[in-house]
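Coordinates from upload.csv are shown below (CSV, C-alpha atoms).
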```csv
chain,number,residue,atom,x,y,z
A,1,MET,CA,17.0,9.0,-36.1
A,2,ARG,CA,19.2,6.2,-37.3
A,3,ARG,CA,22.2,6.1,-34.9
A,4,LEU,CA,21.8,6.7,-31.2
A,5,GLY,CA,24.9,7.2,-29.1
A,6,VAL,CA,24.7,5.9,-25.6
A,7,ASN,CA,27.2,7.2,-22.9
A,8,LEU,CA,27.8,4.3,-20.6
A,9,LEU,CA,31.3,5.2,-19.5
A,10,TYR,CA,30.1,5.3,-15.9
A,11,LEU,CA,28.9,1.7,-15.9
A,12,VAL,CA,31.2,-0.5,-13.9
A,13,PRO,CA,29.3,-3.8,-13.5
A,14,GLY,CA,28.2,-4.4,-9.9
A,15,ARG,CA,29.4,-1.1,-8.6
A,16,VAL,CA,26.9,1.6,-9.7
A,17,GLY,CA,23.7,0.3,-8.2
A,18,GLY,CA,20.4,1.3,-9.7
A,19,SER,CA,22.0,3.2,-12.6
A,20,GLU,CA,23.1,-0.1,-14.0
A,21,ILE,CA,19.6,-1.6,-13.8
A,22,TYR,CA,18.3,1.5,-15.6
A,23,ALA,CA,20.8,1.3,-18.4
A,24,ARG,CA,20.4,-2.4,-19.1
A,25,ASN,CA,16.7,-2.5,-19.0
A,26,LEU,CA,16.0,0.8,-20.9
A,27,LEU,CA,18.3,-0.2,-23.8
A,28,ARG,CA,16.6,-3.6,-24.0
A,29,ALA,CA,13.2,-2.0,-24.2
A,30,LEU,CA,14.4,0.6,-26.7
A,31,HIS,CA,15.7,-2.2,-28.9
A,32,GLU,CA,12.4,-4.1,-28.6
A,33,LEU,CA,10.4,-1.1,-29.7
A,34,GLN,CA,12.8,0.0,-32.4
A,35,PRO,CA,15.0,-2.9,-33.5
A,36,GLN,CA,16.2,-0.9,-36.5
A,37,LEU,CA,17.8,1.7,-34.3
A,38,GLU,CA,21.6,1.5,-34.4
A,39,LEU,CA,23.2,1.9,-31.0
A,40,VAL,CA,26.7,3.2,-30.6
A,41,ALA,CA,27.6,2.4,-27.0
A,42,TYR,CA,30.6,4.1,-25.4
A,43,VAL,CA,31.6,1.8,-22.6
A,44,ALA,CA,34.2,1.2,-19.9
A,45,PRO,CA,36.6,-1.6,-20.9
A,46,GLU,CA,35.5,-3.6,-17.7
A,47,ALA,CA,31.9,-3.5,-18.9
A,48,LEU,CA,32.4,-4.7,-22.4
A,49,ASP,CA,32.1,-8.4,-21.8
A,50,SER,CA,28.9,-8.3,-19.8
A,51,LEU,CA,27.2,-5.7,-22.0
A,52,SER,CA,28.1,-7.6,-25.1
A,53,ARG,CA,25.8,-10.4,-23.8
A,54,GLU,CA,22.8,-8.2,-23.6
A,55,PRO,CA,19.9,-8.9,-26.0
A,56,TRP,CA,20.3,-5.5,-27.6
A,57,ALA,CA,24.0,-6.1,-28.3
A,58,PRO,CA,23.6,-7.4,-31.9
A,59,ALA,CA,22.2,-4.0,-32.8
A,60,ALA,CA,25.0,-2.2,-31.1
A,61,THR,CA,28.5,-1.0,-32.0
A,62,PHE,CA,30.6,-1.1,-28.8
A,63,VAL,CA,33.3,1.6,-28.5
A,64,PRO,CA,35.4,0.8,-25.4
A,65,ALA,CA,37.2,3.7,-23.7
A,66,PRO,CA,41.0,3.7,-23.8
A,67,VAL,CA,41.2,3.5,-20.0
A,68,ARG,CA,39.2,1.8,-17.3
A,69,SER,CA,36.3,3.7,-15.7
A,70,SER,CA,37.0,2.4,-12.2
A,71,SER,CA,39.3,5.4,-12.1
A,72,LYS,CA,36.7,8.2,-11.8
A,73,PRO,CA,39.1,11.1,-12.6
A,74,LEU,CA,40.2,9.4,-15.8
A,75,ARG,CA,36.6,8.6,-16.7
A,76,VAL,CA,35.5,12.2,-16.3
A,77,ALA,CA,38.4,13.3,-18.5
A,78,LEU,CA,37.4,10.9,-21.2
A,79,GLU,CA,33.8,12.1,-21.1
A,80,LEU,CA,34.9,15.7,-21.5
A,81,THR,CA,37.5,15.2,-24.3
A,82,TRP,CA,37.6,11.7,-25.9
A,83,LEU,CA,33.9,11.2,-26.1
A,84,PRO,CA,33.0,14.4,-28.1
A,85,ALA,CA,35.8,13.6,-30.6
A,86,ARG,CA,34.4,10.0,-31.0
A,87,LEU,CA,30.9,11.4,-31.5
A,88,ARG,CA,32.0,13.4,-34.5
A,89,ARG,CA,33.8,10.4,-35.9
A,90,ASP,CA,31.0,8.0,-35.4
A,91,ARG,CA,28.3,10.2,-36.9
A,92,VAL,CA,25.7,9.6,-34.3
A,93,ASP,CA,22.4,11.5,-34.5
A,94,LEU,CA,21.9,12.1,-30.8
A,95,LEU,CA,23.8,11.3,-27.6
A,96,HIS,CA,22.0,10.0,-24.4
A,97,SER,CA,24.1,10.0,-21.3
A,98,LEU,CA,22.4,7.7,-18.8
A,99,GLY,CA,24.5,8.3,-15.7
A,100,THR,CA,23.9,12.0,-14.6
A,101,THR,CA,27.0,13.5,-16.2
A,102,THR,CA,27.5,14.4,-19.9
A,103,PRO,CA,30.0,16.1,-22.2
A,104,LEU,CA,30.0,19.8,-21.7
A,105,LEU,CA,30.8,20.5,-25.3
A,106,CYS,CA,28.8,18.0,-27.4
A,107,PRO,CA,28.9,18.2,-31.2
A,108,VAL,CA,25.6,16.4,-31.6
A,109,PRO,CA,22.1,16.9,-30.0
A,110,SER,CA,22.2,15.5,-26.4
A,111,VAL,CA,20.0,14.2,-23.6
A,112,VAL,CA,21.2,13.5,-20.1
A,113,THR,CA,19.4,11.5,-17.4
A,114,VAL,CA,20.1,13.0,-14.0
A,115,LEU,CA,19.2,10.2,-11.6
A,116,ASP,CA,19.3,12.2,-8.4
A,117,LEU,CA,21.1,15.0,-6.6
A,118,ILE,CA,22.3,13.1,-3.6
A,119,TYR,CA,25.7,14.6,-4.0
A,120,HIS,CA,24.2,18.1,-3.3
A,121,HIS,CA,21.8,17.3,-0.5
A,122,PHE,CA,24.0,14.7,1.3
A,123,PRO,CA,27.5,15.6,0.3
A,124,GLU,CA,29.0,13.5,3.1
A,125,THR,CA,27.9,10.4,1.1
A,126,PHE,CA,30.7,11.1,-1.4
A,127,PRO,CA,34.5,11.4,-1.1
A,128,ARG,CA,35.6,15.0,-1.4
A,129,ALA,CA,37.0,14.7,-5.0
A,130,SER,CA,33.8,13.0,-6.3
A,131,ARG,CA,31.6,15.6,-4.6
A,132,LEU,CA,33.5,18.5,-6.0
A,133,GLY,CA,33.5,16.9,-9.5
A,134,LEU,CA,29.8,16.3,-9.4
A,135,ARG,CA,29.1,19.9,-8.2
A,136,ALA,CA,31.0,21.2,-11.2
A,137,LEU,CA,29.8,18.8,-13.9
A,138,VAL,CA,26.2,18.0,-13.2
A,139,PRO,CA,24.7,21.5,-13.3
A,140,ALA,CA,26.9,22.5,-16.3
A,141,GLY,CA,26.0,19.4,-18.2
A,142,ALA,CA,22.3,19.6,-17.5
A,143,ARG,CA,22.3,23.3,-18.7
A,144,ARG,CA,24.1,22.5,-21.9
A,145,ALA,CA,22.1,19.4,-22.9
A,146,ASP,CA,19.2,19.9,-25.2
A,147,ARG,CA,16.9,18.1,-22.7
A,148,VAL,CA,17.2,16.5,-19.3
A,149,ILE,CA,15.4,13.4,-18.1
A,150,ALA,CA,14.4,13.0,-14.4
A,151,ILE,CA,13.2,9.6,-13.3
A,152,SER,CA,10.3,10.9,-11.2
A,153,HIS,CA,8.2,14.1,-11.0
A,154,ASP,CA,9.8,14.8,-7.6
A,155,GLY,CA,13.2,14.4,-9.3
A,156,LYS,CA,12.2,17.0,-11.9
A,157,ARG,CA,11.1,19.4,-9.1
A,158,ASP,CA,14.5,18.9,-7.4
A,159,LEU,CA,16.4,19.6,-10.7
A,160,VAL,CA,14.4,22.7,-11.3
A,161,GLN,CA,14.7,24.1,-7.8
A,162,THR,CA,18.3,23.0,-7.1
A,163,LEU,CA,20.0,23.5,-10.4
A,164,GLY,CA,17.8,26.3,-11.7
A,165,LEU,CA,16.7,24.5,-14.8
A,166,ASP,CA,13.8,25.6,-17.0
A,167,PRO,CA,10.9,23.3,-16.1
A,168,ALA,CA,10.1,23.1,-19.9
A,169,LYS,CA,13.5,21.5,-20.5
A,170,VAL,CA,13.1,18.7,-18.0
A,171,ASP,CA,11.0,15.5,-18.7
A,172,ALA,CA,9.9,13.1,-16.0
A,173,VAL,CA,10.1,9.5,-17.3
A,174,HIS,CA,9.5,6.8,-14.6
A,175,LEU,CA,11.7,3.8,-14.5
A,176,GLY,CA,10.2,0.5,-15.4
A,177,PHE,CA,10.2,-2.6,-13.2
A,178,GLY,CA,10.6,-6.1,-14.3
A,179,MET,CA,12.4,-9.0,-12.5
A,180,SER,CA,14.5,-11.5,-14.3
A,181,GLN,CA,13.7,-15.1,-13.3
A,182,ALA,CA,14.1,-15.1,-9.5
A,183,PRO,CA,16.4,-17.8,-8.2
A,184,ASP,CA,15.1,-20.5,-5.8
A,185,PRO,CA,15.2,-18.9,-2.3
A,186,VAL,CA,17.4,-20.3,0.4
A,187,PRO,CA,15.0,-22.1,2.8
A,188,GLU,CA,13.8,-20.0,5.7
A,189,ALA,CA,14.9,-22.4,8.3
A,190,GLU,CA,18.5,-22.3,6.9
A,191,LEU,CA,18.5,-18.5,6.9
A,192,ARG,CA,17.1,-18.2,10.4
A,193,GLU,CA,19.9,-20.5,11.7
A,194,ARG,CA,22.6,-18.8,9.6
A,195,TYR,CA,21.8,-15.3,10.9
A,196,GLY,CA,20.5,-16.3,14.4
A,197,LEU,CA,17.0,-15.0,13.8
A,198,GLY,CA,15.2,-17.5,15.9
A,199,ASN,CA,11.5,-17.7,15.2
A,200,ASP,CA,10.8,-13.9,15.5
A,201,PRO,CA,9.0,-11.8,13.0
A,202,ILE,CA,11.4,-10.1,10.6
A,203,VAL,CA,11.5,-6.4,9.6
A,204,LEU,CA,13.5,-6.4,6.3
A,205,THR,CA,15.3,-3.5,4.7
A,206,ILE,CA,17.6,-3.6,1.7
A,207,SER,CA,19.9,-0.6,1.7
A,208,ALA,CA,23.5,0.4,1.6
A,209,ALA,CA,24.7,1.9,4.9
A,210,LEU,CA,24.8,5.5,3.6
A,211,ARG,CA,23.7,8.6,5.5
A,212,HIS,CA,20.7,9.5,3.3
A,213,LYS,CA,19.3,6.0,3.7
A,214,ASN,CA,18.3,7.0,7.2
A,215,LEU,CA,19.2,3.7,8.8
A,216,ASP,CA,20.1,5.4,12.1
A,217,ARG,CA,16.5,6.5,12.7
A,218,LEU,CA,15.2,3.1,11.5
A,219,ILE,CA,17.4,1.4,14.2
A,220,ALA,CA,16.2,3.9,16.8
A,221,ALA,CA,12.5,3.2,15.8
A,222,PHE,CA,13.2,-0.5,15.8
A,223,ALA,CA,14.6,-0.3,19.3
A,224,ARG,CA,11.3,1.2,20.5
A,225,VAL,CA,9.3,-1.5,18.8
A,226,ALA,CA,11.6,-4.2,20.2
A,227,SER,CA,11.2,-2.9,23.8
A,228,ASP,CA,7.9,-4.8,24.2
A,229,ARG,CA,8.1,-7.7,21.7
A,230,ASP,CA,10.5,-10.2,20.1
A,231,VAL,CA,11.3,-9.0,16.6
A,232,ARG,CA,14.4,-8.8,14.3
A,233,LEU,CA,15.6,-6.2,11.9
A,234,VAL,CA,17.6,-7.5,9.0
A,235,VAL,CA,19.6,-5.0,6.9
A,236,VAL,CA,20.8,-6.3,3.5
A,237,GLY,CA,23.3,-4.3,1.5
A,238,HIS,CA,26.9,-3.1,1.1
A,239,GLY,CA,28.4,-1.8,4.3
A,240,GLY,CA,28.9,1.8,3.1
A,241,ARG,CA,30.4,4.5,5.2
A,242,GLU,CA,28.1,4.2,8.1
A,243,GLN,CA,27.9,0.6,9.0
A,244,GLU,CA,30.2,0.5,12.0
A,245,ALA,CA,28.4,3.5,13.5
A,246,LEU,CA,25.1,1.8,12.9
A,247,ARG,CA,26.3,-1.3,14.7
A,248,ALA,CA,27.4,0.8,17.6
A,249,ALA,CA,24.1,2.6,17.7
A,250,ALA,CA,22.2,-0.7,17.8
A,251,HIS,CA,24.3,-1.9,20.7
A,252,ALA,CA,23.9,1.4,22.5
A,253,ARG,CA,20.1,1.1,22.2
A,254,GLY,CA,20.1,-2.4,23.5
A,255,VAL,CA,19.2,-4.2,20.3
A,256,GLY,CA,22.7,-5.2,19.0
A,257,ASP,CA,21.7,-8.8,19.1
A,258,ARG,CA,18.4,-8.2,17.2
A,259,VAL,CA,19.8,-6.1,14.3
A,260,VAL,CA,21.5,-8.3,11.7
A,261,PHE,CA,23.7,-6.7,9.0
A,262,THR,CA,24.2,-9.3,6.2
A,263,GLY,CA,26.3,-7.2,4.0
A,264,TRP,CA,26.1,-8.0,0.3
A,265,ALA,CA,24.0,-11.2,-0.2
A,266,GLU,CA,23.5,-13.6,-3.0
A,267,ASP,CA,20.2,-13.3,-4.9
A,268,SER,CA,19.0,-16.7,-3.5
A,269,VAL,CA,19.6,-15.4,0.0
A,270,VAL,CA,17.7,-12.1,-0.7
A,271,GLU,CA,14.8,-14.2,-2.1
A,272,GLY,CA,14.7,-16.3,1.0
A,273,LEU,CA,14.7,-13.2,3.3
A,274,TYR,CA,11.8,-11.7,1.4
A,275,ALA,CA,9.9,-14.9,1.8
A,276,ALA,CA,10.6,-14.9,5.5
A,277,ALA,CA,9.9,-11.2,6.2
A,278,THR,CA,6.8,-10.0,7.8
A,279,MET,CA,7.3,-6.5,6.4
A,280,PHE,CA,9.7,-4.3,4.4
A,281,ALA,CA,10.8,-0.9,5.8
A,282,TYR,CA,12.4,1.8,3.6
A,283,PRO,CA,13.1,5.1,5.5
A,284,SER,CA,15.3,6.8,2.9
A,285,LEU,CA,15.4,10.6,3.0
A,286,LEU,CA,16.1,11.0,-0.8
A,287,GLU,CA,15.5,8.7,-3.7
A,288,GLY,CA,15.4,9.6,-7.4
A,289,PHE,CA,12.8,6.8,-7.8
A,290,GLY,CA,12.6,4.0,-5.3
A,291,LEU,CA,12.9,0.5,-7.0
A,292,PRO,CA,13.3,-1.3,-3.7
A,293,ILE,CA,9.7,-0.7,-2.6
A,294,LEU,CA,8.5,-2.2,-5.9
A,295,GLU,CA,10.8,-5.1,-5.4
A,296,ALA,CA,9.1,-5.8,-2.1
A,297,MET,CA,5.6,-5.4,-3.6
A,298,ARG,CA,6.5,-7.8,-6.3
A,299,ARG,CA,7.2,-10.4,-3.7
A,300,ASP,CA,4.0,-9.8,-1.7
A,301,VAL,CA,5.8,-8.2,1.2
A,302,PRO,CA,3.9,-5.2,2.8
A,303,VAL,CA,5.8,-2.0,2.6
A,304,ALA,CA,6.3,0.9,5.0
A,305,CYS,CA,8.3,3.8,3.5
A,306,ALA,CA,9.2,7.4,3.9
A,307,ASN,CA,6.7,10.1,2.7
A,308,LEU,CA,9.5,12.1,1.1
A,309,SER,CA,11.1,12.6,-2.3
A,310,ALA,CA,9.9,10.2,-5.0
A,311,LEU,CA,8.8,7.4,-2.7
A,312,PRO,CA,5.1,8.4,-2.3
A,313,GLU,CA,4.9,8.9,-6.1
A,314,VAL,CA,6.1,5.4,-6.7
A,315,ALA,CA,4.3,3.7,-3.7
A,316,GLY,CA,0.9,5.3,-4.4
A,317,ASP,CA,-1.7,3.9,-2.0
A,318,ALA,CA,0.2,0.6,-1.7
A,319,ALA,CA,2.4,1.4,1.3
A,320,GLU,CA,2.2,2.6,4.9
A,321,LEU,CA,3.8,6.1,4.7
A,322,PHE,CA,5.7,7.8,7.6
A,323,ASP,CA,7.7,10.9,8.3
A,324,PRO,CA,11.3,9.6,8.1
A,325,HIS,CA,12.6,12.4,10.4
A,326,ASP,CA,10.2,11.3,13.2
A,327,VAL,CA,11.4,8.2,15.0
A,328,ASP,CA,8.0,7.8,16.7
A,329,ALA,CA,6.3,7.8,13.3
A,330,ILE,CA,8.6,5.2,11.9
A,331,ALA,CA,8.0,3.0,15.0
A,332,THR,CA,4.2,3.4,14.7
A,333,ALA,CA,4.3,2.3,11.1
A,334,ILE,CA,6.4,-0.8,11.9
A,335,ARG,CA,4.1,-1.7,14.8
A,336,ARG,CA,1.0,-1.4,12.6
A,337,LEU,CA,2.3,-3.7,10.0
A,338,LEU,CA,3.6,-6.2,12.6
A,339,ASP,CA,0.3,-6.2,14.5
A,340,ASP,CA,-2.5,-5.6,11.9
A,341,ASN,CA,-3.0,-8.7,9.7
A,342,ALA,CA,-5.8,-6.9,7.7
A,343,ARG,CA,-3.6,-3.9,6.9
A,344,ARG,CA,-0.8,-6.2,5.8
A,345,ALA,CA,-3.2,-8.1,3.5
A,346,GLU,CA,-4.6,-4.9,2.1
A,347,LEU,CA,-1.1,-3.5,1.3
A,348,VAL,CA,-0.1,-6.8,-0.4
A,349,GLU,CA,-3.2,-6.7,-2.6
A,350,ARG,CA,-2.6,-3.0,-3.5
A,351,GLY,CA,1.1,-3.8,-4.2
A,352,ARG,CA,0.1,-6.5,-6.6
A,353,ARG,CA,-1.8,-3.8,-8.6
A,354,ARG,CA,0.8,-1.1,-8.2
A,355,TRP,CA,4.1,-2.6,-9.3
A,356,PRO,CA,2.9,-3.7,-12.8
A,357,GLU,CA,2.1,-0.1,-13.6
A,358,PHE,CA,5.9,0.6,-14.0
A,359,THR,CA,7.0,-1.0,-17.2
A,360,TRP,CA,10.3,-0.6,-19.2
A,361,GLU,CA,8.2,-0.4,-22.4
A,362,ARG,CA,6.5,2.7,-21.0
A,363,ALA,CA,9.9,4.1,-19.9
A,364,ALA,CA,11.3,3.5,-23.4
A,365,ASN,CA,8.3,5.1,-25.1
A,366,GLY,CA,8.8,8.2,-22.9
A,367,THR,CA,12.5,8.3,-23.7
A,368,LEU,CA,11.8,8.1,-27.4
A,369,ASP,CA,9.4,11.0,-27.1
A,370,VAL,CA,12.2,13.0,-25.5
A,371,TYR,CA,14.5,12.1,-28.4
A,372,ARG,CA,11.9,13.2,-31.0
A,373,ARG,CA,11.4,16.5,-29.1
A,374,VAL,CA,15.1,17.2,-29.3
A,375,LEU,CA,15.4,16.4,-33.0
A,376,ASP,CA,12.2,18.2,-34.0
A,377,SER,CA,13.4,21.3,-32.1
A,378,ARG,CA,16.8,21.2,-33.9
A,379,ASN,CA,15.1,20.7,-37.3
A,380,THR,CA,12.8,23.6,-36.6
A,381,ALA,CA,15.7,25.9,-35.6
A,382,ARG,CA,17.6,24.8,-38.7
A,383,THR,CA,14.7,25.6,-41.0
A,384,ALA,CA,14.1,29.0,-39.4
A,385,ALA,CA,17.8,29.9,-39.9
A,386,GLN,CA,17.7,29.1,-43.6
```

Mind turning this structure into structure tokens?
Amino acid sequence: MRRLGVNLLYLVPGRVGGSEIYARNLLRALHELQPQLELVAYVAPEALDSLSREPWAPAATFVPAPVRSSSKPLRVALELTWLPARLRRDRVDLLHSLGTTTPLLCPVPSVVTVLDLIYHHFPETFPRASRLGLRALVPAGARRADRVIAISHDGKRDLVQTLGLDPAKVDAVHLGFGMSQAPDPVPEAELRERYGLGNDPIVLTISAALRHKNLDRLIAAFARVASDRDVRLVVVGHGGREQEALRAAAHARGVGDRVVFTGWAEDSVVEGLYAAATMFAYPSLLEGFGLPILEAMRRDVPVACANLSALPEVAGDAAELFDPHDVDAIATAIRRLLDDNARRAELVERGRRRWPEFTWERAANGTLDVYRRVLDSRNTARTAAQ
């Protein structure tokens, strides 16, 4: 394969979460493994400037879309019409769509990464128009693509069960993990004063306030823990659709002054909160992968997380697992990590061994294997037809 088309039309910098991390790091690793590979990147106009500064940019031809992708209906229309026409013109050998949707009529061999099916399992997370669009496009695109990549084995199981895909067509390729140079953390004393945290132990979670993140049960569990001790819960992340309801729930449970919602926070603030935290809690009900728990492990913060979806697969034996539907179970896990010094130290040591297992080089090699499988299958079919 000489020319790889990359569908990045979905990527609006700073607004698409983990899918942006995936795209930037995977393309960097692919370039490092195969610097001779020509990338043809189909991008949103608003992403062109930042993507052109990536280390793989010199090996790429950037093709900006004629309209901005911040308008989702227009972006979808481009993906279905303009992108297939460009693929013919640009003579790419294979298209990889990295953001869950892909052209339904693709003139070249294609691969799509379906990051998760949150739109299906938690439809209230999405505006109605987006939800209906995803329900129409994701299954159809996955069925028409030559192969589908899931970012965990649990994600593959979900794609097979929910979308009815042939298991033989879906490849599980774990994400990598690798931090850029972390900024200097804001000093702990400054953060404690800024957010009114006093000297109490901190339970940290980093999560948007969305329904599937399960923050309502985390707050309920925290209220039980806080009934007999001084402790603070700090929630870092964009407000999302649920934040005001979560604030009200914290007040109703008598812990409104002990639950801090920082909203979006600068990297230096996040680093400071990690350094100050006693533990990290992640009660999400559905994750395609679960990078936040690796982020905490990388910073030597012991993790308690849900035992559902891909989280146990990523955490291995390096986290305290709990049933995220059971408030008592969440409270028990939090209490254990607050009280048991030996258990915290054990999980920190296990986390130090766990997070380096997930590398972008391994993710890129797995992705290249998928490309080879697609092209070999097409060549075999072509030969058989002659």

Tell me which protein, DNA and RNA residues are within 8 Å of region 250-263 of chain A, counting all atoms listed in the file, leaving out same-chain ones fewer than 3 positions away, and put them as a PyMOL selection string.
chain A and resi 195+197+219-220+223+226+231-239+246-247

Need to verify the contact set: region 184-186 of chain A, 6 Å, all atoms listed in the file, exclusion of same-chain residues closer than 5 positions in sequence. Can you return it as a ChimeraX atom specification?
/A:268-269,271-272

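Atom to atom, CA of Ala65 (chain A) and CA of Thr102 (chain A) stand 14.9 Å apart.
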
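Distances from A:Phe222, A:Val112, A:Trp56, A:Val76 to Pro35 (chain A) were compared using all atoms listed in the file, and the smallest one belongs to A:Trp56.
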
Mind checking which residues fall within 8 Å of Ser284 (chain A), counting all atoms listed in the file, ignoring those fewer than 3 positions away in the same chain, and posting them as a PyMOL selection string?
chain A and resi 212-215+287+305-306+324

Go through region 161-263 of chain A residue by residue and, counting only C-alpha atoms, keep those with an atom at most 7 Å from region 326-339 of chain A; for each kept residue give the shortest atom pair and its distance in Å to one decimal, ordered by chain and increasing number, as a tab-separated table.
```
residue	atom	partner	partner_atom	distance
A:Arg217	CA	A:Val327	CA	5.8
A:Leu218	CA	A:Ile330	CA	6.9
A:Ala220	CA	A:Val327	CA	6.7
A:Ala221	CA	A:Ala331	CA	4.6
A:Phe222	CA	A:Ala331	CA	6.3
A:Arg224	CA	A:Ala331	CA	6.7
A:Val225	CA	A:Ala331	CA	6.0
```

Separation of CA of Leu159 (chain A) from CA of Glu357 (chain A), in Å and rounded to one decimal:
24.5 Å

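A straight line drawn from CA of Glu313 (chain A) to CA of Gly366 (chain A) is 17.3 Å long.
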
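Excluding Phe177 (chain A) itself and any same-chain residue fewer than 6 positions from it, the protein and nucleic acid residues within 10 Å of it, counting all atoms listed in the file, are Ile21, Tyr22, Asn25, Leu291, Leu294, Glu295, Arg298, Trp355, Pro356, Glu357, Phe358, Thr359, Trp360, Glu361 and Ala363 of chain A.
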
Can you sort out region 265-276 of chain A so it carries N, CA, C and O atoms, written as a JSON list (two decimals), keeping the file's coordinate frame?
```
[["chain", "number", "residue", "atom", "x", "y", "z"],
["A", 265, "ALA", "N", 24.53, -9.82, -0.24],
["A", 265, "ALA", "CA", 24.00, -11.20, -0.20],
["A", 265, "ALA", "C", 23.66, -11.68, -1.55],
["A", 265, "ALA", "O", 23.23, -10.91, -2.42],
["A", 266, "GLU", "N", 23.85, -12.96, -1.76],
["A", 266, "GLU", "CA", 23.50, -13.60, -3.00],
["A", 266, "GLU", "C", 21.99, -13.47, -3.27],
["A", 266, "GLU", "O", 21.19, -13.39, -2.34],
["A", 267, "ASP", "N", 21.60, -13.50, -4.54],
["A", 267, "ASP", "CA", 20.20, -13.30, -4.90],
["A", 267, "ASP", "C", 19.31, -14.39, -4.22],
["A", 267, "ASP", "O", 18.19, -14.08, -3.79],
["A", 268, "SER", "N", 19.81, -15.60, -4.10],
["A", 268, "SER", "CA", 19.00, -16.70, -3.50],
["A", 268, "SER", "C", 18.77, -16.38, -2.00],
["A", 268, "SER", "O", 17.71, -16.70, -1.46],
["A", 269, "VAL", "N", 19.74, -15.75, -1.35],
["A", 269, "VAL", "CA", 19.60, -15.40, 0.00],
["A", 269, "VAL", "C", 18.56, -14.25, 0.17],
["A", 269, "VAL", "O", 17.69, -14.27, 1.05],
["A", 270, "VAL", "N", 18.66, -13.26, -0.71],
["A", 270, "VAL", "CA", 17.70, -12.10, -0.70],
["A", 270, "VAL", "C", 16.29, -12.66, -0.90],
["A", 270, "VAL", "O", 15.35, -12.26, -0.19],
["A", 271, "GLU", "N", 16.13, -13.58, -1.85],
["A", 271, "GLU", "CA", 14.80, -14.20, -2.10],
["A", 271, "GLU", "C", 14.28, -14.86, -0.84],
["A", 271, "GLU", "O", 13.10, -14.74, -0.47],
["A", 272, "GLY", "N", 15.15, -15.58, -0.17],
["A", 272, "GLY", "CA", 14.70, -16.30, 1.00],
["A", 272, "GLY", "C", 14.35, -15.31, 2.15],
["A", 272, "GLY", "O", 13.38, -15.56, 2.90],
["A", 273, "LEU", "N", 15.06, -14.19, 2.26],
["A", 273, "LEU", "CA", 14.70, -13.20, 3.30],
["A", 273, "LEU", "C", 13.41, -12.50, 2.98],
["A", 273, "LEU", "O", 12.62, -12.22, 3.89],
["A", 274, "TYR", "N", 13.15, -12.21, 1.72],
["A", 274, "TYR", "CA", 11.80, -11.70, 1.40],
["A", 274, "TYR", "C", 10.73, -12.65, 1.77],
["A", 274, "TYR", "O", 9.70, -12.26, 2.32],
["A", 275, "ALA", "N", 10.94, -13.93, 1.47],
["A", 275, "ALA", "CA", 9.90, -14.90, 1.80],
["A", 275, "ALA", "C", 9.68, -15.05, 3.27],
["A", 275, "ALA", "O", 8.56, -15.35, 3.71],
["A", 276, "ALA", "N", 10.71, -14.79, 4.06],
["A", 276, "ALA", "CA", 10.60, -14.90, 5.50],
["A", 276, "ALA", "C", 10.10, -13.66, 6.20],
["A", 276, "ALA", "O", 9.63, -13.71, 7.35]]
```
